[in-house]
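What follows is a single structure, written as structure tokens, with notes after it.
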Amino acid sequence: MSVLVPFKAYRPLEDKVKEIASRPYDVLNAKEAREKCKDNPNSFYRVIKPELEFADDADHYAPEVYKKGKENFDKLVDGGLMVQDETENYYAYQIIMNGHKQTGLVGCCAIDDYFNNVIKKHELTRPDKEEDRKNHVRYSKLNYEPVFFAYPHVNSIDELVEDVKQANPVYDITTSDDIQHTLWVIDDADKVAAIKDLFEAQVPSIYVADGHHRTAAGALVGEEFRKEAGGNKDDGGRYNYFMAVLFPDNQLKIIDYNRVAKDLNGMDEATFVAKISEKFEVEETSGQYKPDALHHFGMYLNNKWYKLVAKEGTYNDNDPVEVLDVTILSKQVLEPLLNIVDLRTDKRIDFVGGIRGLGELEKRVNSGEMEVAFALNPVSMQQLMDISDNDMIMPPKVTWFEPKLRSGLFIHEL
């Protein structure tokens with residue numbers, strides 16, 4: 001069963017939270033983040049993306065960069081803008097976007113649950129990105145940002161959280177992207193004990209939704225610190241845990257994660273469409289086509305949209321990975337027709353989160369940067385959990401969760 005423990009969070013003062021809080025580190029690149037916080041010395045971007053304070057041609061993975069992130073965090077604390085809670089608490093974190101509401105519990109998961117597969121993964125990590133996140137933890141001894149986890153919903157946990165939400169929140173802000181973020185502190189001893197007991201008794205598995213690299217970094221660096229301290233997992237050290245927000249699975253929303261390719265691998269348009277027609281029913285549409293069913297795809301090519309429906313025999317609905325539309329697209333189009341085999345390394349493929357809309361696919365193709373775009377139906381939470389439960393791995397860039405967590409609302413000290 002799973003472990004979720006309370007912690008003493010560092011949090012912004014209520015009148016500073018909107019000034020400090022930022023989007024996650026991987027949503028914007030350094031240039032975009034620099035522009036976003038150019039007039040805001042207290043932005044949490046300066047902690048999680050300290051490379052924005054260095055030249056574009058500087059080594060963004062140098063020790064000085066990670067030290068700068070910790071220095072910027074210390075400035076917030078030393079300046080009294082962020083304060084550590086005096087008691088070990090849980091926190092209820094509600095996010096509302098376009099009418100969709102989800103409420104998670106903020107706490108700390110055990111690094112041992114990562115190693116014993118109570119925390120279930122569905123993606124491979126990239127060594128360079130994993131090392132970057134590990135260095136942030138190593139140099140700061142902090143979890144700056146939480147991991148985004150899901151768990152099979154439990155009615156008694158839902159009821160407890162709803163009871164907590166009857167009190168006044170400590171934060172209630174609407175950010176510039178029109179997303180509402182609300183936080184409650186759970187410091188009542190009985191509720192804290194109840195949450196801990198409920199997870200241990202009724203939540204057998206936790207699922208990584210967003211943040212495989214942060215999960216790996218939190219667990220692996222925690223293990224490094226534990227070994228340095230003598231290797232006793234029961235020594236009470238905070239390095240035995242890493243910070244996460246855990247949402248009930250029935251409240252989460254996964255949106256589409258689409259693909260764009262640079263060229264047609266030497267084919268002209270007519271030949272490419274003819275090849276596609278061997279594996280798909282192809283119909284040109286009068287406008288944008290957003291897939292609304294499993295094994296349906298949209299394709300944008302030369303100012304035209306097509307509806308593609310995979311033919312029988314091109315997929316296996318009895319296999320948790322083979323049933324995925326991203327798998328069908330890779331096996332029937334990207335690999336055999338476009339010679340795009342490794343989605344992690346091939347520079348001829350790129351990925352576009354559905355939050356940007358189908359217009360972004362048109363833009364990438366119409367600009368000449370890309371030749372063809374594919375719109376996909378999003379995977380479901382059940383598909384994600386089935387793959388994780390079977391110790392299988394999803395293809396890269398499959399799940400895009402919205403809304404995203406806000407960074408800088410709570411920080412865990414190891």
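All residue names refer to the structure tokens as shown: chains lettered A, B, ... in order, residues numbered from 1 in each chain, ligands numbered from 1 in order.
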Backbone-only DSSP, strand (DSSP E) members of region 132-236 of chain A, as a PyMOL selection string: chain A and resi 142-143+147-151+171-174+180-186+206-210
Neighbour list for Asp292 (chain A) as a VMD selection string, cut-off 12 Å, only C-alpha atoms, skip fewer than 4 positions in-chain: chain A and resid 255 to 256 296 to 298 307 to 309 325 375 to 379
Next, write the just-selected residues to a file, as a PDB file, in the first residue's frame, keeping N, CA and C atoms as the atom set.
ATOM      1  N   ILE A 255      -5.581  15.579 -22.345  1.00  0.00           N
ATOM      2  CA  ILE A 255      -5.931  16.099 -23.665  1.00  0.00           C
ATOM      3  C   ILE A 255      -4.962  15.540 -24.700  1.00  0.00           C
ATOM      4  N   ASP A 256      -5.245  15.815 -25.955  1.00  0.00           N
ATOM      5  CA  ASP A 256      -4.479  15.240 -27.051  1.00  0.00           C
ATOM      6  C   ASP A 256      -3.038  15.766 -27.087  1.00  0.00           C
ATOM      7  N   HIS A 296      -9.443   7.094 -34.740  1.00  0.00           N
ATOM      8  CA  HIS A 296      -9.698   8.162 -35.711  1.00  0.00           C
ATOM      9  C   HIS A 296      -8.573   9.189 -35.580  1.00  0.00           C
ATOM     10  N   PHE A 297      -8.148   9.756 -36.718  1.00  0.00           N
ATOM     11  CA  PHE A 297      -7.044  10.713 -36.744  1.00  0.00           C
ATOM     12  C   PHE A 297      -7.400  11.875 -37.664  1.00  0.00           C
ATOM     13  N   GLY A 298      -6.818  13.033 -37.380  1.00  0.00           N
ATOM     14  CA  GLY A 298      -6.874  14.145 -38.304  1.00  0.00           C
ATOM     15  C   GLY A 298      -5.505  14.300 -38.951  1.00  0.00           C
ATOM     16  N   LYS A 307      -9.782  13.237 -42.644  1.00  0.00           N
ATOM     17  CA  LYS A 307     -10.177  12.327 -41.572  1.00  0.00           C
ATOM     18  C   LYS A 307      -9.640  10.946 -41.919  1.00  0.00           C
ATOM     19  N   LEU A 308      -8.869  10.359 -41.006  1.00  0.00           N
ATOM     20  CA  LEU A 308      -8.318   9.022 -41.200  1.00  0.00           C
ATOM     21  C   LEU A 308      -8.942   8.077 -40.173  1.00  0.00           C
ATOM     22  N   VAL A 309      -9.385   6.926 -40.619  1.00  0.00           N
ATOM     23  CA  VAL A 309      -9.910   5.899 -39.723  1.00  0.00           C
ATOM     24  C   VAL A 309      -9.117   4.620 -39.969  1.00  0.00           C
ATOM     25  N   ASP A 325      -3.709   5.010 -30.049  1.00  0.00           N
ATOM     26  CA  ASP A 325      -3.648   5.631 -31.367  1.00  0.00           C
ATOM     27  C   ASP A 325      -2.245   6.109 -31.712  1.00  0.00           C
ATOM     28  N   ALA A 375      -3.449  14.962 -35.903  1.00  0.00           N
ATOM     29  CA  ALA A 375      -4.196  15.213 -34.678  1.00  0.00           C
ATOM     30  C   ALA A 375      -4.703  13.876 -34.146  1.00  0.00           C
ATOM     31  N   LEU A 376      -4.525  13.649 -32.854  1.00  0.00           N
ATOM     32  CA  LEU A 376      -4.867  12.357 -32.253  1.00  0.00           C
ATOM     33  C   LEU A 376      -5.946  12.503 -31.193  1.00  0.00           C
ATOM     34  N   ASN A 377      -6.641  11.406 -30.961  1.00  0.00           N
ATOM     35  CA  ASN A 377      -7.586  11.325 -29.856  1.00  0.00           C
ATOM     36  C   ASN A 377      -6.785  11.105 -28.568  1.00  0.00           C
ATOM     37  N   PRO A 378      -7.097  11.797 -27.477  1.00  0.00           N
ATOM     38  CA  PRO A 378      -6.304  11.613 -26.251  1.00  0.00           C
ATOM     39  C   PRO A 378      -6.484  10.223 -25.650  1.00  0.00           C
ATOM     40  N   VAL A 379      -5.453   9.767 -24.951  1.00  0.00           N
ATOM     41  CA  VAL A 379      -5.586   8.515 -24.199  1.00  0.00           C
ATOM     42  C   VAL A 379      -6.453   8.781 -22.978  1.00  0.00           C
TER      43      VAL A 379
END
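Residues in contact with region 382-394 of chain A at 10 Å, where only C-alpha atoms are counted and same-chain residues fewer than 6 positions away are skipped, are listed as A:Asn117, A:Val118, A:Ile119, A:Lys120, A:Lys121, A:His122, A:Glu123, A:Leu124, A:Ala150, A:Tyr151, A:Pro152, A:Ser205, A:Ile206, A:Tyr207, A:Val208, A:Ala209, A:Asp249, A:Asn250, A:Ile254, A:Asp319, A:Pro320, A:Val321, A:Glu322, A:Val323, A:Leu324, A:Val326, A:Thr327.
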Write down as JSON, numbers by chain the residues belonging to region 6-120 of chain A that are assigned alpha helix (DSSP H) by DSSP computed on the backbone. {"A": [17, 18, 19, 20, 30, 31, 32, 33, 34, 35, 36, 45, 46, 47, 48, 63, 64, 65, 66, 67, 68, 69, 70, 71, 72, 73, 74, 75, 76, 77, 78, 111, 112, 113, 114, 115]}
May I have the selected residues written with N, CA and C atoms, as a short mmCIF file (atom, residue, chain, number, x, y, z; two decimals), in the first residue's frame?
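Result went into again-v5.cif, see below:
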data_model
loop_
_atom_site.label_atom_id
_atom_site.label_comp_id
_atom_site.auth_asym_id
_atom_site.auth_seq_id
_atom_site.Cartn_x
_atom_site.Cartn_y
_atom_site.Cartn_z
N VAL A 17 1.85 35.69 -3.13
CA VAL A 17 1.75 34.43 -3.85
C VAL A 17 1.59 34.62 -5.35
N LYS A 18 0.80 35.60 -5.76
CA LYS A 18 0.58 35.80 -7.20
C LYS A 18 1.85 36.30 -7.88
N GLU A 19 2.65 37.05 -7.14
CA GLU A 19 3.90 37.58 -7.65
C GLU A 19 4.95 36.47 -7.79
N ILE A 20 4.95 35.53 -6.86
CA ILE A 20 5.97 34.49 -6.83
C ILE A 20 5.62 33.31 -7.73
N ALA A 30 14.00 28.97 -21.70
CA ALA A 30 14.68 30.01 -20.91
C ALA A 30 14.36 31.41 -21.44
N LYS A 31 14.33 31.56 -22.75
CA LYS A 31 14.06 32.87 -23.34
C LYS A 31 12.64 33.34 -22.99
N GLU A 32 11.68 32.43 -23.11
CA GLU A 32 10.29 32.78 -22.79
C GLU A 32 10.14 33.11 -21.31
N ALA A 33 10.79 32.32 -20.45
CA ALA A 33 10.71 32.57 -19.01
C ALA A 33 11.36 33.90 -18.65
N ARG A 34 12.47 34.22 -19.31
CA ARG A 34 13.16 35.49 -19.06
C ARG A 34 12.24 36.67 -19.37
N GLU A 35 11.53 36.57 -20.48
CA GLU A 35 10.62 37.64 -20.87
C GLU A 35 9.45 37.72 -19.89
N LYS A 36 8.99 36.55 -19.43
CA LYS A 36 7.83 36.50 -18.55
C LYS A 36 8.10 37.19 -17.22
N TYR A 45 10.20 31.42 -11.40
CA TYR A 45 11.01 31.01 -12.56
C TYR A 45 12.50 31.15 -12.26
N ARG A 46 12.86 32.14 -11.47
CA ARG A 46 14.28 32.39 -11.17
C ARG A 46 14.87 31.29 -10.29
N VAL A 47 13.99 30.51 -9.67
CA VAL A 47 14.43 29.37 -8.86
C VAL A 47 14.49 28.10 -9.71
N ILE A 48 13.43 27.84 -10.47
CA ILE A 48 13.33 26.57 -11.21
C ILE A 48 13.95 26.64 -12.60
N PRO A 63 27.33 23.98 -12.72
CA PRO A 63 27.03 24.10 -11.29
C PRO A 63 26.57 25.49 -10.89
N GLU A 64 27.10 26.52 -11.55
CA GLU A 64 26.73 27.89 -11.19
C GLU A 64 25.24 28.15 -11.40
N VAL A 65 24.66 27.46 -12.38
CA VAL A 65 23.24 27.66 -12.67
C VAL A 65 22.39 27.12 -11.52
N TYR A 66 22.72 25.91 -11.06
CA TYR A 66 21.95 25.31 -9.97
C TYR A 66 22.16 26.09 -8.66
N LYS A 67 23.38 26.57 -8.46
CA LYS A 67 23.65 27.39 -7.27
C LYS A 67 22.84 28.69 -7.31
N LYS A 68 22.69 29.25 -8.50
CA LYS A 68 21.90 30.49 -8.65
C LYS A 68 20.43 30.23 -8.29
N GLY A 69 19.90 29.07 -8.68
CA GLY A 69 18.52 28.75 -8.31
C GLY A 69 18.33 28.72 -6.81
N LYS A 70 19.26 28.07 -6.11
CA LYS A 70 19.18 28.03 -4.64
C LYS A 70 19.38 29.42 -4.05
N GLU A 71 20.27 30.20 -4.61
CA GLU A 71 20.49 31.56 -4.14
C GLU A 71 19.21 32.39 -4.27
N ASN A 72 18.51 32.22 -5.38
CA ASN A 72 17.27 32.96 -5.59
C ASN A 72 16.17 32.50 -4.64
N PHE A 73 16.16 31.21 -4.33
CA PHE A 73 15.20 30.73 -3.32
C PHE A 73 15.52 31.33 -1.96
N ASP A 74 16.80 31.31 -1.60
CA ASP A 74 17.20 31.86 -0.30
C ASP A 74 16.84 33.34 -0.17
N LYS A 75 16.90 34.07 -1.28
CA LYS A 75 16.52 35.49 -1.25
C LYS A 75 15.05 35.65 -0.86
N LEU A 76 14.21 34.77 -1.40
CA LEU A 76 12.78 34.84 -1.06
C LEU A 76 12.56 34.55 0.42
N VAL A 77 13.29 33.58 0.95
CA VAL A 77 13.15 33.22 2.36
C VAL A 77 13.75 34.30 3.26
N ASP A 78 14.98 34.71 2.94
CA ASP A 78 15.66 35.72 3.76
C ASP A 78 14.93 37.05 3.73
N ILE A 111 10.37 7.42 -1.05
CA ILE A 111 11.26 7.03 -2.15
C ILE A 111 11.22 5.51 -2.33
N ASP A 112 10.99 4.76 -1.25
CA ASP A 112 10.93 3.30 -1.37
C ASP A 112 9.74 2.86 -2.21
N ASP A 113 8.65 3.63 -2.22
CA ASP A 113 7.51 3.29 -3.06
C ASP A 113 7.85 3.43 -4.54
N TYR A 114 8.82 4.28 -4.85
CA TYR A 114 9.31 4.39 -6.22
C TYR A 114 10.07 3.12 -6.61
N PHE A 115 10.91 2.65 -5.70
CA PHE A 115 11.75 1.49 -6.01
C PHE A 115 10.98 0.17 -5.95
#
Distance query region 239-245 of chain A at most 9 Å, only C-alpha atoms, self and fewer than 6 positions along chain excluded, as a PyMOL selection string: chain A and resi 4-5+7+91-93+104-112+141-150+215+218-219+221-226+233+405+411-414
